[in-house]
file start07.txt (compact mmCIF, C-alpha atoms)
# COMPACT_ATOMS: atom_id res chain seq x y z
CA MET Z 1 48.90 -15.11 10.57
CA ASP Z 2 45.74 -13.93 12.34
CA TRP Z 3 45.62 -15.46 15.81
CA LYS Z 4 42.05 -15.74 17.20
CA LEU Z 5 42.78 -18.43 19.76
CA ALA Z 6 42.57 -16.17 22.78
CA ALA Z 7 42.51 -19.08 25.26
CA MET Z 8 45.57 -20.83 23.82
CA LYS Z 9 48.05 -21.84 26.52
CA ARG Z 10 50.46 -24.17 24.70
CA ILE Z 11 51.78 -24.24 21.13
CA ASP Z 12 54.21 -26.88 19.91
CA LEU Z 13 55.36 -26.64 16.28
CA SER Z 14 58.73 -28.30 16.83
CA PHE Z 15 60.40 -30.76 14.44
CA ASN Z 16 58.59 -29.70 11.30
CA ARG Z 17 59.52 -27.81 8.12
CA MET Z 18 58.13 -24.46 9.16
CA ASN Z 19 59.95 -21.69 7.28
CA GLY Z 20 59.76 -17.98 6.71
CA THR Z 21 59.52 -15.54 9.60
CA ILE Z 22 57.84 -16.11 12.94
CA PRO Z 23 54.72 -13.90 12.95
CA LYS Z 24 54.73 -10.98 15.40
CA SER Z 25 51.01 -11.53 15.95
CA ILE Z 26 51.90 -14.49 18.16
CA GLY Z 27 52.25 -11.88 20.88
CA GLN Z 28 48.47 -11.48 20.85
CA LEU Z 29 48.07 -14.83 22.62
CA THR Z 30 48.06 -13.35 26.09
CA GLU Z 31 47.24 -16.65 27.83
CA LEU Z 32 50.17 -18.50 26.27
CA THR Z 33 52.37 -20.24 28.84
CA GLN Z 34 54.38 -22.64 26.64
CA LEU Z 35 55.78 -21.96 23.19
CA TYR Z 36 57.88 -24.55 21.32
CA LEU Z 37 59.20 -23.54 17.89
CA ASP Z 38 62.42 -25.55 17.88
CA SER Z 39 63.97 -27.51 15.03
CA ASN Z 40 62.47 -25.60 12.14
CA PRO Z 41 64.27 -23.59 9.42
CA TRP Z 42 62.93 -20.20 10.51
CA GLU Z 43 64.33 -16.98 9.07
CA GLY Z 44 64.21 -13.33 9.97
CA VAL Z 45 64.51 -11.50 13.27
CA ILE Z 46 62.85 -12.14 16.61
CA SER Z 47 62.35 -8.99 18.64
CA GLU Z 48 60.38 -7.69 21.61
CA MET Z 49 57.34 -7.28 19.31
CA HIS Z 50 56.87 -11.05 19.27
CA PHE Z 51 56.37 -11.13 23.05
CA SER Z 52 54.82 -7.75 23.80
CA ASN Z 53 51.81 -9.24 25.59
CA LEU Z 54 53.19 -12.54 26.88
CA TYR Z 55 53.73 -11.41 30.43
CA GLN Z 56 52.59 -14.73 31.92
CA SER Z 57 54.56 -17.01 29.60
CA GLY Z 58 56.10 -19.90 31.50
CA THR Z 59 58.24 -21.64 28.90
CA PHE Z 60 59.94 -20.33 25.79
CA LEU Z 61 61.92 -22.68 23.59
CA ILE Z 62 63.32 -22.14 20.11
CA THR Z 63 66.04 -24.19 18.45
CA LEU Z 64 66.85 -23.40 14.84
CA ILE Z 65 68.45 -26.05 12.66
CA THR Z 66 69.81 -23.75 9.95
CA GLN Z 67 72.31 -20.91 10.14
CA LYS Z 68 70.25 -18.39 8.23
CA THR Z 69 69.47 -14.76 9.07
CA VAL Z 70 67.61 -15.52 12.27
CA SER Z 71 68.63 -13.25 15.11
CA PRO Z 72 66.63 -14.13 18.24
CA PHE Z 73 66.33 -11.38 20.84
CA SER Z 74 68.51 -9.13 18.72
CA SER Z 75 67.03 -5.99 20.16
CA GLU Z 76 68.66 -4.45 23.22
CA THR Z 77 65.25 -3.00 24.14
CA LEU Z 78 63.78 -6.39 25.04
CA MET Z 79 63.52 -5.45 28.71
CA ASP Z 80 59.89 -6.05 29.61
CA PRO Z 81 59.39 -8.09 32.79
CA PHE Z 82 58.26 -11.38 31.26
CA ASN Z 83 57.60 -14.20 33.71
CA LEU Z 84 59.69 -16.76 31.88
CA LYS Z 85 60.77 -19.97 33.61
CA TYR Z 86 62.60 -21.76 30.79
CA VAL Z 87 64.47 -20.36 27.80
CA ASP Z 88 66.09 -22.62 25.22
CA VAL Z 89 67.71 -20.97 22.19
CA SER Z 90 70.21 -23.00 20.16
CA ASN Z 91 71.98 -23.07 16.80
CA CYS Z 92 71.15 -19.58 15.58
CA HIS Z 93 72.53 -16.07 15.66
CA VAL Z 94 71.94 -13.99 18.77
CA TYR Z 95 73.09 -10.43 19.36
CA PRO Z 96 76.85 -10.81 20.05
CA LYS Z 97 76.58 -9.21 23.48
CA PHE Z 98 75.22 -11.16 26.43
CA PRO Z 99 71.41 -10.64 26.38
CA THR Z 100 70.57 -7.84 28.81
CA TRP Z 101 66.91 -8.81 28.96
CA LEU Z 102 67.81 -11.91 30.97
CA ARG Z 103 68.51 -9.71 33.99
CA THR Z 104 64.85 -8.68 34.16
CA GLN Z 105 63.68 -12.26 34.58
CA LYS Z 106 62.67 -13.04 38.15
CA ARG Z 107 61.48 -16.63 37.74
CA LEU Z 108 63.99 -18.15 35.32
CA LYS Z 109 65.17 -21.62 36.34
CA LYS Z 110 66.58 -23.04 33.11
CA ILE Z 111 68.61 -21.18 30.47
CA THR Z 112 70.05 -22.67 27.28
CA LEU Z 113 71.86 -20.32 24.89
CA ARG Z 114 73.89 -22.90 23.00
CA ASN Z 115 75.80 -22.11 19.81
CA VAL Z 116 74.22 -18.69 19.38
CA GLY Z 117 77.32 -16.60 18.60
CA ILE Z 118 77.63 -14.64 21.86
CA SER Z 119 81.09 -13.07 22.16
CA ASP Z 120 81.19 -11.37 25.53
CA THR Z 121 81.82 -11.81 29.24
CA ILE Z 122 79.03 -12.89 31.58
CA PRO Z 123 77.76 -9.92 33.64
CA LYS Z 124 78.36 -10.25 37.39
CA GLY Z 125 74.74 -9.52 38.20
CA PHE Z 126 73.66 -12.53 36.16
CA TRP Z 127 74.78 -14.88 38.93
CA LYS Z 128 72.25 -13.45 41.39
CA MET Z 129 69.56 -15.38 39.55
CA ASP Z 130 68.36 -18.65 41.06
CA ILE Z 131 69.12 -20.93 38.08
CA TRP Z 132 69.41 -24.71 38.32
CA TRP Z 133 70.27 -25.39 34.63
CA LEU Z 134 72.69 -23.27 32.60
CA ASP Z 135 73.95 -24.21 29.13
CA LEU Z 136 76.07 -21.53 27.43
CA SER Z 137 78.24 -23.95 25.47
CA LYS Z 138 79.61 -23.42 21.95
CA ASN Z 139 79.91 -19.64 22.07
CA GLN Z 140 82.85 -17.24 22.36
CA LEU Z 141 82.37 -16.31 25.99
CA HIS Z 142 85.60 -15.24 27.64
CA GLY Z 143 87.07 -14.06 30.91
CA LYS Z 144 87.47 -15.96 34.16
CA LEU Z 145 85.36 -19.04 34.74
CA PRO Z 146 82.10 -17.87 36.35
CA LEU Z 147 80.31 -19.83 39.03
CA SER Z 148 76.82 -19.86 40.48
CA PHE Z 149 76.20 -21.44 43.88
CA ASN Z 150 72.67 -22.58 42.96
CA VAL Z 151 73.25 -24.23 39.60
CA ALA Z 152 73.00 -28.02 39.36
CA TRP Z 153 73.66 -28.57 35.63
CA LEU Z 154 76.46 -26.36 34.30
CA PHE Z 155 77.53 -26.54 30.63
CA LEU Z 156 80.19 -23.98 29.65
CA GLY Z 157 82.15 -26.09 27.18
CA ASN Z 158 83.55 -24.85 23.85
CA ASN Z 159 84.12 -21.25 24.86
CA LEU Z 160 87.17 -19.10 25.56
CA PHE Z 161 87.20 -19.04 29.36
CA SER Z 162 90.74 -18.74 30.72
CA GLY Z 163 92.64 -18.84 33.98
CA PRO Z 164 92.43 -21.49 36.72
CA ILE Z 165 89.32 -23.30 37.89
CA PRO Z 166 88.33 -21.38 41.06
CA LEU Z 167 88.96 -23.17 44.35
CA LYS Z 168 85.53 -22.10 45.53
CA ILE Z 169 84.01 -24.53 43.05
CA GLY Z 170 83.76 -26.82 46.08
CA LYS Z 171 80.95 -24.60 47.35
CA LEU Z 172 78.63 -25.50 44.49
CA LEU Z 173 77.09 -28.25 46.57
CA SER Z 174 74.06 -28.68 44.27
CA LEU Z 175 76.20 -29.41 41.22
CA LYS Z 176 75.41 -32.63 39.37
CA VAL Z 177 77.01 -31.97 35.95
CA LEU Z 178 80.18 -29.92 35.45
CA ASP Z 179 81.23 -29.44 31.82
CA VAL Z 180 83.90 -26.80 31.15
CA SER Z 181 85.58 -28.72 28.34
CA SER Z 182 87.33 -27.10 25.36
CA ASN Z 183 88.26 -23.81 26.95
CA LEU Z 184 91.61 -22.19 27.80
CA LEU Z 185 91.69 -23.13 31.49
CA ASN Z 186 95.06 -23.66 33.16
CA GLY Z 187 96.49 -24.46 36.56
CA SER Z 188 95.80 -27.60 38.55
CA VAL Z 189 92.60 -29.58 39.00
CA PRO Z 190 91.10 -28.33 42.30
CA SER Z 191 90.95 -30.85 45.12
CA SER Z 192 87.85 -29.02 46.40
CA ILE Z 193 85.78 -30.79 43.72
CA SER Z 194 85.75 -33.74 46.14
CA LYS Z 195 83.18 -31.82 48.21
CA LEU Z 196 80.61 -32.08 45.42
CA LYS Z 197 79.08 -35.39 46.49
CA ASP Z 198 76.19 -35.27 43.98
CA LEU Z 199 78.36 -34.97 40.86
CA TYR Z 200 77.77 -37.64 38.24
CA VAL Z 201 79.52 -35.96 35.27
CA ILE Z 202 82.89 -34.17 35.33
CA ASN Z 203 84.23 -33.01 31.97
CA LEU Z 204 87.40 -30.87 32.13
CA SER Z 205 88.81 -32.13 28.82
CA ASN Z 206 90.68 -30.16 26.17
CA ASN Z 207 92.12 -27.43 28.37
CA HIS Z 208 95.62 -26.62 29.60
CA LEU Z 209 95.32 -28.14 33.08
CA SER Z 210 98.54 -29.46 34.57
CA GLY Z 211 99.89 -31.25 37.65
CA ASN Z 212 98.79 -34.51 39.21
CA ILE Z 213 95.24 -35.80 39.30
CA PRO Z 214 94.10 -34.96 42.87
CA LYS Z 215 94.71 -37.79 45.31
CA ASN Z 216 91.86 -36.97 47.67
CA TRP Z 217 88.74 -37.00 45.53
CA ASN Z 218 87.14 -39.46 47.92
CA GLY Z 219 83.41 -39.78 48.33
CA LEU Z 220 82.31 -39.09 44.74
CA ASP Z 221 80.04 -42.10 44.95
CA GLU Z 222 77.58 -40.89 42.30
CA LEU Z 223 80.21 -40.20 39.62
CA GLN Z 224 79.43 -41.90 36.30
CA VAL Z 225 81.51 -39.99 33.73
CA LEU Z 226 85.00 -38.55 34.24
CA ASP Z 227 86.82 -36.91 31.32
CA LEU Z 228 90.20 -35.28 31.95
CA SER Z 229 91.57 -35.95 28.47
CA LYS Z 230 93.63 -33.55 26.34
CA ASN Z 231 95.34 -31.72 29.16
CA LYS Z 232 98.88 -31.69 30.56
CA LEU Z 233 98.37 -33.93 33.59
CA TYR Z 234 101.19 -36.17 34.76
CA GLY Z 235 101.85 -38.83 37.38
CA GLY Z 236 99.82 -41.98 37.86
CA ILE Z 237 96.18 -42.92 38.36
CA PRO Z 238 95.28 -42.23 42.02
CA SER Z 239 93.83 -45.05 44.11
CA TRP Z 240 90.54 -43.26 44.86
CA MET Z 241 89.70 -43.27 41.17
CA CYS Z 242 89.63 -47.05 41.16
CA SER Z 243 87.18 -47.23 44.05
CA VAL Z 244 84.28 -45.39 42.38
CA SER Z 245 82.07 -48.33 41.54
CA SER Z 246 79.46 -46.16 39.81
CA LEU Z 247 81.86 -45.01 37.07
CA SER Z 248 80.88 -46.13 33.55
CA SER Z 249 83.21 -43.91 31.46
CA LEU Z 250 86.81 -42.93 32.23
CA LYS Z 251 88.76 -40.87 29.73
CA LEU Z 252 92.33 -39.77 30.58
CA SER Z 253 93.82 -39.81 27.08
CA ALA Z 254 96.28 -37.27 25.62
CA ASN Z 255 98.04 -36.33 28.84
CA ASN Z 256 101.50 -37.13 30.22
CA LEU Z 257 100.39 -39.85 32.64
CA SER Z 258 102.88 -42.63 33.30
CA ARG Z 259 103.75 -45.68 35.45
CA GLU Z 260 102.27 -49.14 35.09
CA LEU Z 261 98.55 -49.68 34.87
CA SER Z 262 97.39 -49.94 38.46
CA SER Z 263 95.93 -53.29 39.49
CA SER Z 264 93.20 -51.39 41.32
CA LEU Z 265 91.69 -50.57 37.91
CA GLN Z 266 90.20 -54.05 37.97
CA ASN Z 267 87.74 -52.77 40.59
CA TYR Z 268 85.91 -51.06 37.71
CA THR Z 269 83.71 -54.06 37.05
CA GLY Z 270 80.94 -51.85 35.61
CA LEU Z 271 83.15 -49.68 33.41
CA TYR Z 272 82.02 -49.53 29.77
CA PHE Z 273 84.40 -46.95 28.25
CA LEU Z 274 88.12 -46.79 29.15
CA ASP Z 275 90.47 -44.49 27.24
CA LEU Z 276 94.05 -44.15 28.53
CA GLY Z 277 95.57 -43.57 25.10
CA LYS Z 278 98.37 -41.16 24.19
CA ASN Z 279 100.10 -41.23 27.55
CA ARG Z 280 103.29 -42.90 28.81
CA PHE Z 281 101.90 -45.93 30.61
CA SER Z 282 104.43 -48.77 30.65
CA GLY Z 283 104.75 -52.41 31.62
CA GLU Z 284 102.84 -55.41 30.37
CA MET Z 285 99.22 -55.27 29.44
CA PRO Z 286 97.43 -56.82 32.46
CA LYS Z 287 95.56 -60.10 32.11
CA TRP Z 288 92.97 -58.98 34.64
CA ILE Z 289 91.44 -56.59 32.07
CA GLY Z 290 89.84 -59.59 30.41
CA GLU Z 291 89.11 -61.36 33.70
CA ARG Z 292 87.52 -58.59 35.77
CA MET Z 293 86.47 -55.70 33.52
CA THR Z 294 83.77 -57.70 31.82
CA SER Z 295 81.50 -54.74 31.02
CA LEU Z 296 84.01 -53.03 28.74
CA GLY Z 297 82.63 -52.00 25.36
CA GLN Z 298 85.52 -49.76 24.33
CA LEU Z 299 89.16 -50.12 25.35
CA ARG Z 300 91.65 -47.59 24.02
CA LEU Z 301 95.30 -47.87 25.08
CA ARG Z 302 96.97 -46.58 21.94
CA GLY Z 303 100.13 -44.47 22.02
CA ASN Z 304 101.67 -45.75 25.24
CA LEU Z 305 104.77 -47.77 26.14
CA LEU Z 306 103.09 -51.11 26.85
CA THR Z 307 105.11 -54.28 26.24
CA GLY Z 308 104.64 -58.03 26.16
CA ASP Z 309 101.94 -60.13 24.55
CA ILE Z 310 98.33 -59.16 24.06
CA PRO Z 311 96.47 -61.19 26.74
CA GLU Z 312 94.29 -63.93 25.32
CA LYS Z 313 91.76 -63.24 28.05
CA LEU Z 314 90.71 -60.09 26.23
CA CYS Z 315 88.55 -62.55 24.28
CA TRP Z 316 86.44 -62.92 27.41
CA LEU Z 317 85.12 -59.37 26.94
CA SER Z 318 81.87 -60.24 25.20
CA TYR Z 319 80.65 -56.61 25.02
CA LEU Z 320 83.88 -55.25 23.54
CA HIS Z 321 83.41 -53.69 20.10
CA ILE Z 322 86.32 -51.22 19.93
CA LEU Z 323 89.87 -52.28 20.83
CA ASP Z 324 92.69 -49.84 20.05
CA LEU Z 325 96.22 -50.91 21.05
CA THR Z 326 98.14 -49.19 18.25
CA HIS Z 327 101.51 -47.49 18.75
CA ASN Z 328 102.78 -49.53 21.70
CA ASN Z 329 105.57 -52.12 21.98
CA LEU Z 330 103.31 -55.14 22.13
CA SER Z 331 104.41 -58.46 20.64
CA GLY Z 332 102.91 -61.82 19.73
CA PHE Z 333 100.36 -62.53 17.06
CA ARG Z 334 97.62 -64.62 18.69
CA LEU Z 335 94.55 -62.83 19.97
CA LEU Z 336 91.83 -65.33 19.02
call {"tool": "encode", "arguments": {"input": "start07.txt", "output": "structure tokens"}}
result
Amino acid sequence: MDWKLAAMKRIDLSFNRMNGTIPKSIGQLTELTQLYLDSNPWEGVISEMHFSNLYQSGTFLITLITQKTVSPFSSETLMDPFNLKYVDVSNCHVYPKFPTWLRTQKRLKKITLRNVGISDTIPKGFWKMDIWWLDLSKNQLHGKLPLSFNVAWLFLGNNLFSGPIPLKIGKLLSLKVLDVSSNLLNGSVPSSISKLKDLYVINLSNNHLSGNIPKNWNGLDELQVLDLSKNKLYGGIPSWMCSVSSLSSLKLSANNLSRELSSSLQNYTGLYFLDLGKNRFSGEMPKWIGERMTSLGQLRLRGNLLTGDIPEKLCWLSYLHILDLTHNNLSGFRLL
């Protein structure tokens, strides 16, 4: 392709059926500040030749929808000091080592390298960058869980990080989203997370975390989603958890939690999704679920030790579309 659009600043070819290789001549557009090539079935290799003259580029985004031979930034020589602010590369093959060219970026604020086949540790120097969004999920990154004190949105799920969650996580005061799900993390859930007052998503699911759910996570007034499922947690549901009025989704399934369902759960009047399945909760199924938790759309209590009749007041839940009570000791036959 012969580019003669010398004044071009923004190109958006996303969500089309563009195929073949991305032309190297795109690097001739020296005024380009935004380049969107995502969601196309590109093939071939992307190297430093594609960006040889794009020193002022502000945004680079490429998301490939097919697992073909594309290898973005495969060259280890891609070290020129581009002025990138945003990089989004997803669903394609990247050089298996962590991209060294990222260290040369002085203005980067948002990095997404999601499902790109990186199998490496994250270099220590990487955390000196002032990044507010970092998504490295669905790779094979390993080692201890890394932390950056400036990041606000942190997505490290579906990797191979191991060891405990660092206690100093409580120093990430800008953090709004914490997703370290589906790793190999162990140890207890740090109580220092309670210091992160701006958090609205916590996802620690599918790890090997053990112990009690912290009793002193007070003050998480912005929290909307909490997922601690598929771990080895035991004990009951702490009282603070039932006082977070902003919570819309609570998932504690597939743990070893026990005791009766706390009556303080009825304070979740705005809760839409509640999953306490595959635990050891006992006692009768409370009537107040149908009386107070009127926003419930999904209620999953399967695989517990609940007894007694199914409360008729569950019929009051007008938004409920999924009800799973299988594998308990419930009796009676009237629900409607």
call {"tool": "closest_residue", "arguments": {"input": "start07.txt", "among": "Z:Ile111, Z:Ile122, Z:Ile213, Z:Ile202", "to": "Z:Pro146", "atoms": "only C-alpha atoms"}}
result
Z:Ile122
call {"tool": "atom_distance", "arguments": {"input": "start07.txt", "atom1": "atom CA of Z:Ser90", "atom2": "atom CA of Z:Thr104"}}
result
20.7 Å
call {"tool": "closest_residue", "arguments": {"input": "start07.txt", "among": "Z:Leu13, Z:Leu317, Z:Val189, Z:Val225", "to": "Z:Val177", "atoms": "all atoms listed in the file"}}
result
Z:Val225
call {"tool": "residues_around", "arguments": {"input": "start07.txt", "residues": "stretch 240-255 of chain Z", "least_positions_apart": "4", "cutoff": "8 Å", "atoms": "all atoms listed in the file", "output": "PyMOL selection string"}}
result
chain Z and resi 215-218+220-234+264-279
call {"tool": "write_last_selection", "arguments": {"input": "start07.txt", "atoms": "C-alpha atoms", "output": "short mmCIF file (atom, residue, chain, number, x, y, z; two decimals), in the coordinates of the input"}}
result
data_model
loop_
_atom_site.label_atom_id
_atom_site.label_comp_id
_atom_site.auth_asym_id
_atom_site.auth_seq_id
_atom_site.Cartn_x
_atom_site.Cartn_y
_atom_site.Cartn_z
CA LYS Z 215 94.71 -37.79 45.31
CA ASN Z 216 91.86 -36.97 47.67
CA TRP Z 217 88.74 -37.00 45.53
CA ASN Z 218 87.14 -39.46 47.92
CA LEU Z 220 82.31 -39.09 44.74
CA ASP Z 221 80.04 -42.10 44.95
CA GLU Z 222 77.58 -40.89 42.30
CA LEU Z 223 80.21 -40.20 39.62
CA GLN Z 224 79.43 -41.90 36.30
CA VAL Z 225 81.51 -39.99 33.73
CA LEU Z 226 85.00 -38.55 34.24
CA ASP Z 227 86.82 -36.91 31.32
CA LEU Z 228 90.20 -35.28 31.95
CA SER Z 229 91.57 -35.95 28.47
CA LYS Z 230 93.63 -33.55 26.34
CA ASN Z 231 95.34 -31.72 29.16
CA LYS Z 232 98.88 -31.69 30.56
CA LEU Z 233 98.37 -33.93 33.59
CA TYR Z 234 101.19 -36.17 34.76
CA SER Z 264 93.20 -51.39 41.32
CA LEU Z 265 91.69 -50.57 37.91
CA GLN Z 266 90.20 -54.05 37.97
CA ASN Z 267 87.74 -52.77 40.59
CA TYR Z 268 85.91 -51.06 37.71
CA THR Z 269 83.71 -54.06 37.05
CA GLY Z 270 80.94 -51.85 35.61
CA LEU Z 271 83.15 -49.68 33.41
CA TYR Z 272 82.02 -49.53 29.77
CA PHE Z 273 84.40 -46.95 28.25
CA LEU Z 274 88.12 -46.79 29.15
CA ASP Z 275 90.47 -44.49 27.24
CA LEU Z 276 94.05 -44.15 28.53
CA GLY Z 277 95.57 -43.57 25.10
CA LYS Z 278 98.37 -41.16 24.19
CA ASN Z 279 100.10 -41.23 27.55
#
call {"tool": "atom_distance", "arguments": {"input": "start07.txt", "atom1": "atom CA of Z:Gly235", "atom2": "atom CA of Z:Gln298"}}
result
23.6 Å
call {"tool": "residues_near_point", "arguments": {"input": "start07.txt", "point": "(90.0, -23.2, 25.8)", "cutoff": "10 Å", "atoms": "all atoms listed in the file", "output": "list in words"}}
result
Gln140, His142, Gly157, Asn158, Asn159, Leu160, Phe161, Ser162, Gly163, Val180, Ser181, Ser182, Asn183, Leu184, Leu185, Asn186, Ser205, Asn206, Asn207 and His208 of chain Z
call {"tool": "write_last_selection", "arguments": {"input": "start07.txt", "atoms": "C-alpha atoms", "output": "mmCIF file, in the frame of the given file"}}
result
data_model
loop_
_atom_site.group_PDB
_atom_site.id
_atom_site.type_symbol
_atom_site.label_atom_id
_atom_site.label_comp_id
_atom_site.auth_asym_id
_atom_site.auth_seq_id
_atom_site.Cartn_x
_atom_site.Cartn_y
_atom_site.Cartn_z
ATOM 1 C CA GLN Z 140 82.850 -17.240 22.360
ATOM 2 C CA HIS Z 142 85.600 -15.240 27.640
ATOM 3 C CA GLY Z 157 82.150 -26.090 27.180
ATOM 4 C CA ASN Z 158 83.550 -24.850 23.850
ATOM 5 C CA ASN Z 159 84.120 -21.250 24.860
ATOM 6 C CA LEU Z 160 87.170 -19.100 25.560
ATOM 7 C CA PHE Z 161 87.200 -19.040 29.360
ATOM 8 C CA SER Z 162 90.740 -18.740 30.720
ATOM 9 C CA GLY Z 163 92.640 -18.840 33.980
ATOM 10 C CA VAL Z 180 83.900 -26.800 31.150
ATOM 11 C CA SER Z 181 85.580 -28.720 28.340
ATOM 12 C CA SER Z 182 87.330 -27.100 25.360
ATOM 13 C CA ASN Z 183 88.260 -23.810 26.950
ATOM 14 C CA LEU Z 184 91.610 -22.190 27.800
ATOM 15 C CA LEU Z 185 91.690 -23.130 31.490
ATOM 16 C CA ASN Z 186 95.060 -23.660 33.160
ATOM 17 C CA SER Z 205 88.810 -32.130 28.820
ATOM 18 C CA ASN Z 206 90.680 -30.160 26.170
ATOM 19 C CA ASN Z 207 92.120 -27.430 28.370
ATOM 20 C CA HIS Z 208 95.620 -26.620 29.600
#
call {"tool": "atom_distance", "arguments": {"input": "start07.txt", "atom1": "atom CA of Z:Ser119", "atom2": "atom CA of Z:Gly187"}}
result
24.0 Å
call {"tool": "closest_residue", "arguments": {"input": "start07.txt", "among": "Z:Val87, Z:Ile322, Z:Leu5, Z:Met129", "to": "Z:Lys110", "atoms": "all atoms listed in the file"}}
result
Z:Val87
call {"tool": "closest_residue", "arguments": {"input": "start07.txt", "among": "Z:Gly219, Z:Gly117, Z:Pro164, Z:Pro214", "to": "Z:Leu136", "atoms": "all atoms listed in the file"}}
result
Z:Gly117
call {"tool": "closest_residue", "arguments": {"input": "start07.txt", "among": "Z:Leu305, Z:Ile26, Z:Met8, Z:Val151", "to": "Z:Phe281", "atoms": "only C-alpha atoms"}}
result
Z:Leu305
call {"tool": "residues_around", "arguments": {"input": "start07.txt", "residues": "Z:Met18", "least_positions_apart": "6", "cutoff": "8 Å", "atoms": "all atoms listed in the file", "output": "list of chain:residue names"}}
result
Z:Asn40, Z:Pro41, Z:Trp42
call {"tool": "axis_aligned_box", "arguments": {"input": "start07.txt", "around": "stretch 208-215 of chain Z", "padding_each_side": "3 Å", "output": "lines of an AutoDock Vina configuration file"}}
result
center_x = 97.0
center_y = -32.2
center_z = 37.5
size_x = 11.8
size_y = 17.2
size_z = 21.7
call {"tool": "closest_residue", "arguments": {"input": "start07.txt", "among": "Z:Glu260, Z:Asp135, Z:Glu284, Z:Glu312", "to": "Z:Val89", "atoms": "only C-alpha atoms"}}
result
Z:Asp135
